[in-house]
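Structure data follow from input_17.txt (compact mmCIF, C-alpha atoms):
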```
# COMPACT_ATOMS: atom_id res chain seq x y z
CA MET B 1 -23.86 2.53 -4.87
CA THR B 2 -27.12 1.34 -6.35
CA HIS B 3 -25.79 0.93 -9.84
CA GLU B 4 -22.50 -0.74 -10.59
CA HIS B 5 -20.40 -0.31 -13.65
CA PRO B 6 -17.21 -2.21 -13.07
CA ALA B 7 -16.28 -1.98 -16.74
CA GLY B 8 -15.91 1.81 -16.41
CA THR B 9 -13.23 1.44 -13.72
CA VAL B 10 -11.11 -0.81 -15.86
CA ASP B 11 -11.46 1.41 -18.91
CA LEU B 12 -10.41 4.60 -17.12
CA LEU B 13 -7.38 2.95 -15.54
CA ALA B 14 -6.56 0.97 -18.67
CA VAL B 15 -6.25 4.22 -20.60
CA LEU B 16 -4.61 6.37 -17.90
CA GLY B 17 -2.15 3.67 -16.78
CA PRO B 18 -0.16 3.42 -20.03
CA VAL B 19 -0.29 7.23 -20.47
CA VAL B 20 1.24 7.80 -17.02
CA GLY B 21 3.73 5.00 -17.65
CA LEU B 22 4.83 6.50 -20.96
CA VAL B 23 5.13 10.00 -19.50
CA ALA B 24 7.25 8.61 -16.66
CA LEU B 25 9.51 6.79 -19.13
CA ALA B 26 9.86 9.82 -21.40
CA ALA B 27 10.61 12.19 -18.50
CA TYR B 28 13.27 9.83 -17.18
CA ALA B 29 14.87 9.45 -20.63
CA LEU B 30 14.95 13.26 -21.09
CA ALA B 31 16.53 13.65 -17.66
CA VAL B 32 19.21 11.07 -18.50
CA VAL B 33 20.01 13.00 -21.69
CA ALA B 34 20.14 16.30 -19.76
CA SER B 35 22.43 14.76 -17.14
CA ARG B 36 24.75 13.42 -19.86
CA ARG B 37 24.91 16.88 -21.44
CA ARG B 38 26.22 18.20 -18.16
CA GLY B 39 28.94 15.65 -18.35
CA ARG B 40 27.58 13.29 -15.70
CA SER B 41 26.88 9.77 -16.85
CA TRP B 42 23.98 7.78 -15.48
CA PRO B 43 24.24 4.04 -14.76
CA LEU B 44 22.39 1.85 -17.25
CA SER B 45 21.24 -0.44 -14.42
CA ARG B 46 19.19 2.41 -12.95
CA SER B 47 17.57 3.19 -16.29
CA LEU B 48 16.72 -0.49 -16.69
CA ALA B 49 15.24 -0.62 -13.17
CA TRP B 50 13.06 2.42 -13.87
CA THR B 51 11.89 0.98 -17.22
CA ALA B 52 11.05 -2.36 -15.61
CA GLY B 53 9.20 -0.53 -12.84
CA CYS B 54 7.09 1.45 -15.31
CA LEU B 55 6.22 -1.71 -17.26
CA THR B 56 5.43 -3.64 -14.07
CA ALA B 57 3.15 -0.98 -12.65
CA THR B 58 1.41 -0.45 -16.00
CA ALA B 59 0.83 -4.19 -16.45
CA ALA B 60 -1.04 -4.16 -13.15
CA VAL B 61 -3.64 -1.60 -14.25
CA SER B 62 -3.90 -2.18 -17.99
CA GLY B 63 -4.06 -5.24 -20.17
CA PRO B 64 -5.08 -8.86 -19.61
CA LEU B 65 -4.12 -9.01 -15.93
CA ALA B 66 -6.18 -5.91 -15.09
CA THR B 67 -9.16 -7.27 -17.01
CA ALA B 68 -8.94 -10.60 -15.21
CA SER B 69 -8.65 -8.94 -11.82
CA THR B 70 -12.32 -7.94 -11.76
CA MET B 71 -13.25 -11.62 -11.88
CA SER B 72 -10.42 -13.36 -10.07
CA TRP B 73 -8.75 -12.81 -6.68
CA THR B 74 -5.56 -14.45 -7.94
CA ALA B 75 -5.27 -11.95 -10.79
CA HIS B 76 -6.24 -9.13 -8.42
CA MET B 77 -3.49 -10.08 -5.94
CA ALA B 78 -0.93 -10.51 -8.71
CA GLY B 79 -1.80 -6.97 -9.76
CA HIS B 80 -1.57 -5.80 -6.13
CA LEU B 81 1.94 -7.26 -5.82
CA LEU B 82 3.06 -5.68 -9.11
CA LEU B 83 1.55 -2.23 -8.50
CA GLY B 84 2.16 -1.90 -4.77
CA MET B 85 5.35 -3.83 -4.10
CA LEU B 86 7.52 -5.02 -7.01
CA GLY B 87 6.83 -2.04 -9.31
CA PRO B 88 7.63 0.58 -6.64
CA LEU B 89 10.78 -1.29 -5.60
CA LEU B 90 12.04 -1.23 -9.20
CA LEU B 91 11.09 2.44 -9.61
CA VAL B 92 12.95 3.36 -6.42
CA LEU B 93 16.04 1.47 -7.62
CA GLY B 94 15.91 3.76 -10.67
CA GLY B 95 16.87 6.66 -8.35
CA PRO B 96 14.47 9.20 -9.91
CA VAL B 97 15.11 12.01 -7.39
CA THR B 98 18.88 11.83 -7.76
CA LEU B 99 18.47 11.91 -11.52
CA ALA B 100 16.14 14.91 -11.30
CA LEU B 101 18.64 16.78 -9.10
CA ARG B 102 21.33 16.19 -11.72
CA ALA B 103 19.16 17.02 -14.72
CA LEU B 104 17.36 20.13 -13.45
CA PRO B 105 18.82 23.62 -13.84
CA VAL B 106 20.34 25.00 -10.65
CA THR B 107 17.27 26.91 -9.48
CA GLY B 108 15.03 23.91 -10.11
CA ALA B 109 17.43 21.56 -8.30
CA ARG B 110 17.56 23.96 -5.34
CA ARG B 111 13.80 24.10 -5.19
CA LEU B 112 13.59 20.30 -5.29
CA SER B 113 16.14 19.87 -2.52
CA ARG B 114 14.19 22.43 -0.43
CA VAL B 115 11.10 20.30 -0.91
CA LEU B 116 13.11 17.24 0.12
CA ARG B 117 14.03 18.94 3.39
CA SER B 118 10.53 20.28 4.05
CA ARG B 119 8.56 19.30 7.13
CA PRO B 120 5.85 17.27 5.35
CA LEU B 121 8.48 15.15 3.62
CA ARG B 122 10.35 14.78 6.88
CA VAL B 123 7.20 13.28 8.40
CA LEU B 124 6.32 11.16 5.36
CA THR B 125 9.79 9.62 5.14
CA GLU B 126 9.68 8.48 8.75
CA PRO B 127 9.73 4.66 8.22
CA SER B 128 6.80 3.93 10.53
CA VAL B 129 4.67 6.63 8.86
CA ALA B 130 5.47 5.21 5.40
CA ALA B 131 4.65 1.70 6.65
CA VAL B 132 1.28 2.78 8.07
CA LEU B 133 0.38 4.61 4.85
CA ASP B 134 1.34 1.53 2.83
CA VAL B 135 0.02 -1.44 4.82
CA GLY B 136 -2.62 0.61 6.64
CA GLY B 137 -4.03 1.54 3.25
CA LEU B 138 -4.28 -2.16 2.41
CA TRP B 139 -6.14 -2.87 5.65
CA LEU B 140 -8.57 -0.11 4.73
CA LEU B 141 -8.98 -1.70 1.31
CA TYR B 142 -9.45 -5.35 2.27
CA ALA B 143 -10.96 -5.10 5.75
CA THR B 144 -13.68 -2.57 4.78
CA PRO B 145 -16.02 -2.36 1.75
CA LEU B 146 -13.58 0.14 0.14
CA LEU B 147 -12.41 -2.40 -2.45
CA ALA B 148 -15.97 -3.05 -3.64
CA LEU B 149 -16.49 0.71 -3.77
CA ALA B 150 -13.35 1.12 -5.85
CA HIS B 151 -14.61 -1.52 -8.27
CA ALA B 152 -17.97 0.19 -8.58
CA HIS B 153 -16.80 3.80 -8.94
CA PRO B 154 -14.03 4.66 -11.44
CA GLY B 155 -12.94 7.75 -9.49
CA VAL B 156 -12.52 5.85 -6.24
CA GLY B 157 -10.73 3.07 -8.13
CA LEU B 158 -8.30 5.57 -9.59
CA LEU B 159 -7.53 7.10 -6.19
CA VAL B 160 -7.04 3.67 -4.61
CA HIS B 161 -4.63 2.56 -7.34
CA ALA B 162 -2.70 5.83 -7.13
CA HIS B 163 -2.43 5.47 -3.35
CA VAL B 164 -1.21 1.86 -3.58
CA LEU B 165 1.52 2.85 -6.05
CA LEU B 166 2.62 6.01 -4.22
CA ALA B 167 2.57 4.48 -0.74
CA GLY B 168 4.49 1.46 -2.04
CA HIS B 169 7.02 3.80 -3.63
CA LEU B 170 7.39 5.81 -0.43
CA PHE B 171 7.92 2.68 1.67
CA SER B 172 10.52 1.23 -0.74
CA ALA B 173 12.30 4.60 -0.97
CA VAL B 174 12.55 4.87 2.82
CA MET B 175 13.74 1.27 3.16
CA VAL B 176 16.19 0.78 0.32
CA GLY B 177 16.14 3.91 -1.86
CA ARG B 178 19.30 5.47 -3.24
CA ASP B 179 17.77 8.92 -3.36
CA PRO B 180 18.54 11.53 -0.70
CA LEU B 181 16.10 11.62 2.23
CA PRO B 182 15.63 14.33 4.87
CA HIS B 183 17.06 11.81 7.34
CA ARG B 184 17.64 8.10 7.19
CA ARG B 185 16.98 5.86 10.16
CA GLY B 186 19.50 3.26 11.26
CA THR B 187 19.49 -0.30 9.96
CA ARG B 188 17.99 -1.79 13.13
CA HIS B 189 15.12 0.69 13.07
CA LEU B 190 14.43 -0.09 9.41
CA LEU B 191 14.45 -3.86 10.00
CA VAL B 192 12.04 -3.61 12.95
CA VAL B 193 9.61 -1.53 10.87
CA LEU B 194 10.01 -3.99 7.98
CA VAL B 195 9.16 -6.95 10.21
CA LEU B 196 6.08 -5.20 11.60
CA ALA B 197 4.91 -4.10 8.15
CA LEU B 198 5.37 -7.59 6.73
CA ALA B 199 3.58 -9.07 9.74
CA ALA B 200 0.63 -6.72 9.23
CA HIS B 201 0.57 -7.70 5.55
CA ASP B 202 0.66 -11.43 6.43
CA VAL B 203 -2.07 -11.10 9.05
CA LEU B 204 -4.26 -9.25 6.55
CA ALA B 205 -3.73 -12.00 3.94
CA LYS B 206 -4.61 -14.76 6.42
CA ARG B 207 -7.58 -12.79 7.70
CA LEU B 208 -8.82 -12.47 4.14
CA TYR B 209 -8.34 -16.21 3.69
CA ALA B 210 -10.16 -16.95 6.93
CA TYR B 211 -13.10 -14.56 6.80
CA GLY B 212 -13.39 -13.88 3.08
CA TYR B 213 -14.50 -10.56 1.62
CA ALA B 214 -18.26 -10.27 1.88
CA PRO B 215 -18.85 -7.33 -0.53
CA MET B 216 -17.35 -9.26 -3.45
CA SER B 217 -17.71 -12.95 -4.11
CA MET B 218 -15.13 -14.54 -6.37
CA ALA B 219 -14.45 -18.24 -5.98
CA ASP B 220 -10.66 -18.22 -5.86
CA LEU B 221 -10.26 -16.13 -2.70
CA PRO B 222 -8.11 -18.78 -0.90
CA GLN B 223 -5.64 -18.88 -3.79
CA GLY B 224 -5.61 -15.08 -4.01
CA ALA B 225 -4.95 -14.69 -0.28
CA GLN B 226 -2.11 -17.21 -0.38
CA LEU B 227 -0.56 -15.41 -3.36
CA MET B 228 -0.74 -12.18 -1.35
CA TYR B 229 0.91 -13.91 1.63
CA TYR B 230 3.79 -15.61 -0.17
CA GLY B 231 4.26 -12.93 -2.82
CA GLY B 232 4.57 -10.34 -0.03
CA ASP B 233 7.18 -12.57 1.63
CA ALA B 234 9.21 -12.72 -1.57
CA VAL B 235 9.31 -8.96 -2.07
CA ASP B 236 10.04 -8.32 1.59
CA LEU B 237 12.87 -10.86 1.52
CA LEU B 238 14.34 -8.75 -1.26
CA LEU B 239 13.86 -5.59 0.83
CA ALA B 240 15.56 -7.20 3.85
CA VAL B 241 18.54 -8.25 1.72
CA LEU B 242 18.87 -4.73 0.27
CA VAL B 243 18.65 -3.08 3.72
CA CYS B 244 21.34 -5.42 5.08
CA LEU B 245 23.50 -5.04 1.96
CA ARG B 246 23.63 -1.27 2.44
CA TRP B 247 24.71 -1.82 6.06
CA TYR B 248 27.36 -4.34 5.03
CA ARG B 249 28.77 -2.11 2.31
CA ALA B 250 28.92 0.86 4.67
CA GLY B 251 31.32 -1.14 6.81
CA GLY B 252 28.95 -3.10 9.03
CA ARG B 253 28.73 -2.77 12.79
CA SER B 254 29.84 0.58 14.23
CA GLY B 255 30.29 1.88 10.71
CA GLN B 256 34.07 1.95 11.11
CA ARG B 257 36.01 0.99 8.05
CA GLN B 258 38.78 -1.43 8.73
CA LEU B 259 40.80 -0.68 5.67
CA HIS B 260 43.02 -3.73 5.78
CA LEU B 261 39.94 -5.93 5.57
CA GLU B 262 38.06 -3.96 2.95
CA ARG B 263 38.42 -4.98 -0.64
CA PRO B 264 38.56 -2.00 -2.99
CA ARG B 265 35.16 -1.40 -4.52
CA PRO B 266 34.91 -0.83 -8.24
CA GLY B 267 33.43 2.48 -9.36
CA PRO B 268 32.71 5.62 -7.40
CA GLN B 269 30.46 5.44 -4.39
CA GLY B 270 27.14 7.26 -4.65
CA VAL B 271 27.54 10.35 -2.54
CA LEU B 272 23.87 11.14 -2.53
CA GLY B 273 22.68 7.61 -1.80
CA MET R 274 41.93 -10.33 29.90
CA THR R 275 42.68 -12.04 26.61
CA ALA R 276 42.80 -10.46 23.20
CA ARG R 277 39.30 -11.67 22.39
CA PRO R 278 36.75 -9.45 24.09
CA SER R 279 33.60 -11.23 25.24
CA GLY R 280 31.50 -8.71 23.27
CA GLN R 281 32.62 -10.39 20.06
CA ALA R 282 31.47 -13.77 21.35
CA GLY R 283 28.10 -12.20 22.14
CA ARG R 284 27.84 -10.98 18.57
CA SER R 285 28.60 -14.47 17.29
CA THR R 286 25.81 -15.85 19.49
CA ALA R 287 23.39 -13.18 18.31
CA SER R 288 24.22 -13.76 14.65
CA GLY R 289 23.83 -17.54 15.02
CA GLY R 290 20.65 -17.13 17.05
CA LEU R 291 18.98 -15.00 14.38
CA ALA R 292 20.06 -17.39 11.62
CA GLY R 293 18.86 -20.45 13.58
CA LEU R 294 15.52 -18.88 14.36
CA GLY R 295 14.97 -17.94 10.75
CA LEU R 296 16.17 -21.33 9.55
CA VAL R 297 13.57 -23.19 11.60
CA ALA R 298 10.84 -20.83 10.43
CA PHE R 299 11.94 -21.57 6.88
CA VAL R 300 12.08 -25.36 7.37
CA ASP R 301 8.67 -25.22 9.02
CA GLU R 302 7.24 -23.37 6.05
CA THR R 303 8.80 -25.48 3.28
CA VAL R 304 8.75 -28.95 4.82
CA PHE R 305 5.57 -29.02 6.89
CA HIS R 306 3.41 -26.57 4.96
CA GLN R 307 4.53 -26.97 1.35
CA LEU R 308 6.09 -30.44 0.98
CA LEU R 309 4.31 -32.68 3.49
CA HIS R 310 1.11 -30.61 3.66
CA TRP R 311 0.80 -31.62 7.33
CA HIS R 312 0.27 -28.05 8.52
CA HIS R 313 -2.61 -26.01 7.20
CA PHE R 314 -2.35 -22.40 6.00
CA TYR R 315 -5.27 -21.66 8.29
CA ASP R 316 -7.64 -23.89 10.18
CA ARG R 317 -11.06 -22.93 11.47
CA SER R 318 -10.03 -23.04 15.13
CA THR R 319 -7.43 -20.28 14.83
CA ALA R 320 -8.09 -17.25 17.02
CA ASP R 321 -7.20 -13.69 16.03
CA ALA R 322 -4.34 -13.56 18.56
CA GLY R 323 -2.94 -16.63 16.84
CA LEU R 324 -3.03 -14.93 13.47
CA VAL R 325 -1.11 -11.96 14.85
CA SER R 326 1.45 -14.18 16.58
CA ASP R 327 1.88 -16.23 13.40
CA GLY R 328 2.23 -13.11 11.25
CA ILE R 329 4.89 -11.55 13.47
CA PHE R 330 6.92 -14.74 13.78
CA HIS R 331 6.66 -15.55 10.11
CA ALA R 332 7.82 -12.03 9.18
CA PHE R 333 10.50 -12.05 11.88
CA GLY R 334 11.84 -15.41 10.68
CA PHE R 335 12.37 -14.12 7.16
CA VAL R 336 14.18 -10.98 8.23
CA ALA R 337 16.10 -12.79 11.01
CA VAL R 338 17.78 -15.27 8.68
CA VAL R 339 18.90 -12.47 6.33
CA THR R 340 20.16 -10.32 9.22
CA GLY R 341 21.90 -13.27 10.89
CA LEU R 342 23.79 -14.18 7.73
CA PHE R 343 24.87 -10.59 7.03
CA LEU R 344 26.11 -10.32 10.65
CA LEU R 345 28.04 -13.55 10.05
CA ALA R 346 29.62 -12.10 6.92
CA ASP R 347 30.59 -8.97 8.90
CA LEU R 348 32.12 -11.00 11.76
CA ARG R 349 34.12 -13.05 9.27
CA ARG R 350 35.28 -9.95 7.46
CA ARG R 351 36.55 -8.57 10.77
CA ARG R 352 37.94 -11.98 11.77
CA THR R 353 36.10 -11.78 15.07
CA LEU R 354 33.84 -14.78 14.55
CA VAL R 355 33.76 -17.27 17.43
CA VAL R 356 32.62 -20.36 15.53
CA GLY R 357 31.49 -22.33 18.59
CA ARG R 358 29.41 -19.41 19.78
CA TRP R 359 27.83 -19.06 16.36
CA VAL R 360 26.93 -22.76 16.12
CA GLY R 361 25.60 -22.64 19.67
CA GLY R 362 23.57 -19.60 18.72
CA VAL R 363 22.04 -21.41 15.74
CA LEU R 364 20.98 -24.32 17.97
CA LEU R 365 19.60 -21.99 20.66
CA GLY R 366 17.66 -19.93 18.14
CA ALA R 367 16.32 -23.04 16.43
CA GLY R 368 15.29 -24.62 19.72
CA ALA R 369 13.65 -21.44 21.01
CA PHE R 370 11.55 -21.04 17.89
CA GLN R 371 10.65 -24.73 17.80
CA LEU R 372 9.53 -24.58 21.44
CA TYR R 373 7.55 -21.38 20.90
CA ASP R 374 5.90 -22.87 17.82
CA GLY R 375 5.15 -26.17 19.57
CA LEU R 376 3.84 -24.81 22.87
CA VAL R 377 2.49 -21.31 22.29
CA GLN R 378 1.41 -21.31 18.66
CA HIS R 379 0.13 -24.87 18.29
CA LYS R 380 -1.28 -25.31 21.80
CA VAL R 381 -2.06 -21.97 23.47
CA PHE R 382 -3.24 -20.11 20.36
CA GLY R 383 -4.47 -23.27 18.63
CA LEU R 384 -2.90 -22.03 15.42
CA HIS R 385 -3.02 -25.14 13.22
CA GLN R 386 -1.80 -28.49 14.52
CA ILE R 387 1.24 -30.48 13.46
CA ARG R 388 -0.86 -32.97 11.53
CA TYR R 389 -4.54 -33.66 11.03
CA GLY R 390 -6.50 -36.90 11.35
CA VAL R 391 -3.99 -38.58 13.63
CA ASP R 392 -3.40 -38.89 17.36
CA LEU R 393 -1.47 -35.70 18.11
CA VAL R 394 0.24 -36.67 21.36
CA ALA R 395 3.19 -38.47 19.75
CA TYR R 396 3.72 -35.62 17.33
CA ASP R 397 3.50 -32.94 20.01
CA VAL R 398 5.92 -34.80 22.29
CA THR R 399 8.42 -35.35 19.45
CA TRP R 400 8.14 -31.71 18.37
CA ASN R 401 8.78 -30.26 21.81
CA VAL R 402 11.38 -32.82 22.90
CA LEU R 403 13.27 -31.98 19.74
CA ALA R 404 13.04 -28.32 20.73
CA ALA R 405 14.44 -29.12 24.20
CA VAL R 406 17.27 -31.17 22.69
CA LEU R 407 18.18 -28.30 20.37
CA LEU R 408 18.18 -25.83 23.27
CA LEU R 409 20.29 -28.15 25.44
CA ALA R 410 22.79 -28.80 22.65
CA GLY R 411 22.93 -25.06 22.00
CA ALA R 412 23.65 -24.34 25.66
CA VAL R 413 26.40 -26.99 25.82
CA VAL R 414 28.11 -25.80 22.62
CA THR R 415 27.86 -22.16 23.73
CA LEU R 416 29.32 -22.82 27.19
CA ARG R 417 32.18 -24.90 25.82
CA ALA R 418 33.03 -22.09 23.42
CA ARG R 419 33.09 -19.57 26.26
CA PRO R 420 36.06 -17.24 25.90
CA ALA R 421 38.74 -17.84 28.51
CA ALA R 422 38.60 -14.21 29.59
CA VAL R 423 35.36 -14.63 31.53
CA THR R 424 36.91 -16.82 34.24
CA ALA R 425 39.63 -14.29 35.02
```
As structure tokens, please, write out the structure in this file.
Amino acid sequence: MTHEHPAGTVDLLAVLGPVVGLVALAAYALAVVASRRRGRSWPLSRSLAWTAGCLTATAAVSGPLATASTMSWTAHMAGHLLLGMLGPLLLVLGGPVTLALRALPVTGARRLSRVLRSRPLRVLTEPSVAAVLDVGGLWLLYATPLLALAHAHPGVGLLVHAHVLLAGHLFSAVMVGRDPLPHRRGTRHLLVVLVLALAAHDVLAKRLYAYGYAPMSMADLPQGAQLMYYGGDAVDLLLAVLVCLRWYRAGGRSGQRQLHLERPRPGPQGVLG
Amino acid sequence: MTARPSGQAGRSTASGGLAGLGLVAFVDETVFHQLLHWHHFYDRSTADAGLVSDGIFHAFGFVAVVTGLFLLADLRRRRTLVVGRWVGGVLLGAGAFQLYDGLVQHKVFGLHQIRYGVDLVAYDVTWNVLAAVLLLAGAVVTLRARPAAVTA
């Protein structure tokens, strides 16, 4: 920790970010083609969501925003919102697991669905576990010197960014994902976890605003903390709407379908979602 | 017993209550924080417990208004909405949040004041009297919309 080379962190991520983004885009495109070959079409909206998610997440770690984020809290928090919240939400809406299950050969698809039912994934997709990994990771980042460490050491920076993206993806998938999960909690359970996660995020933002971040001094901390606070609200509002929308579409309270009140829905319903 | 079970009226109250609670949280945020700039995002006297209370209520408000409105849509779809109960619920929820904000958050936790650089008493009294009026109006509307079945 005696010598700092913040430029190294940015360079490593700035190169790896677009590479990972491109690989993710290419793999998705190949899977869509494979799925089509099997005679199953794939909705364009999901492809667009995945593409937007890849671009959003890449923009957070590479390019002008990433460069600015070493000198500005506002840019840093904008990147945090893109990489950890908005990007993952878009990626999840792309339904990558469902696509993989359709595109893979039978043995591969079986293996993947075995992984999906495995014990570790059962634990990870428990909403409260996903929330702790996601927001708990942020507390570790902003309430300890970890962030300064990540800026000083490229390897740590890489791990931190990967964790923020993956934990954000996991949380979004558990909340509003269309992909199959080992088990999905009820709407009320999801909303309670969402409120607590958002509250923990808000408290962290205000705490940052109030006490600052001693290991790194950048002048615009108040603006950055407020962006974190209100930006988090915006994405969580979206999550709450999507959680409730799923409940409403499934027939609302008690889950019973009152057919004479239901309007026919266009298109087939996702069986796996 | 009438055709309208009292459980449905309870759902109308709950839906309105959530929407009202969220609505006040939203008005508080836009009007007093963003437009008037009376409230402060954070002031130096705020204790940690206040930050936690603020965070939970802020987050709850957001999710409550969304949930309340989706419940409303569901009640309407099923044609089981008791309008009076819903309106009463909105007033009750709004009053409850206003009172909690005015007494617990502003006073007990000292989480920002209504306005700075002025004598607070008039503002505090107005704030909390308004909360009481909302609660009272909510109670009256709710009781008047009570389903006939309960008296049987």
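Nearest to chain B of all the residues R:Ile329, R:Asp321, R:Val356, R:Ser288 is R:Ile329, based on all atoms listed in the file.
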Provide as a list in words the residues of chain R at most 8 Å from chain B, counting all atoms listed in the file.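 So the contacting residues turn out to be Phe314, Tyr315, Arg317, Leu324, Val325, Asp327, Gly328, Ile329, Phe330, His331, Ala332, Phe333, Phe335, Val336, Val339, Thr340, Phe343, Leu344, Asp347, Arg350 and Arg351 of chain R.
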Got a sec: who's within 10 Å of Val402 in chain R, counting only C-alpha atoms, leaving out chain neighbours fewer than 6 positions off, as a list in words?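 Here the answer would be Gly368, Gln371, Leu372, Gly375, Tyr396 and Leu408 of chain R.
Within 10 Å of Gly137 in chain B, once only C-alpha atoms are used and residues closer than 6 positions along the same chain are dropped, the contacting residues are B:Ala131, B:Ala143, B:Val160, B:His163, B:Val164, B:Ala167.
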Distance query Asn401 in chain R at most 8 Å, all atoms listed in the file, self and fewer than 2 positions along chain excluded, as a PDB file with C-alpha atoms, in the coordinates of the input:
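And here is the file that came out, selection.pdb:
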```pdb
ATOM      1  CA  GLN R 371      10.650 -24.730  17.800  1.00  0.00           C
ATOM      2  CA  LEU R 372       9.530 -24.580  21.440  1.00  0.00           C
ATOM      3  CA  GLY R 375       5.150 -26.170  19.570  1.00  0.00           C
ATOM      4  CA  LEU R 376       3.840 -24.810  22.870  1.00  0.00           C
ATOM      5  CA  ASP R 397       3.500 -32.940  20.010  1.00  0.00           C
ATOM      6  CA  VAL R 398       5.920 -34.800  22.290  1.00  0.00           C
ATOM      7  CA  THR R 399       8.420 -35.350  19.450  1.00  0.00           C
ATOM      8  CA  LEU R 403      13.270 -31.980  19.740  1.00  0.00           C
ATOM      9  CA  ALA R 404      13.040 -28.320  20.730  1.00  0.00           C
ATOM     10  CA  ALA R 405      14.440 -29.120  24.200  1.00  0.00           C
TER      11      ALA R 405
END
```
Gap from CA of Thr415 in chain R to CA of Gly357 in chain R - Å, one decimal: 6.3 Å
Mind giving me the straight-line distance from CA of Ala346 in chain R to CA of Gly289 in chain R in Å, one decimal? 11.3 Å
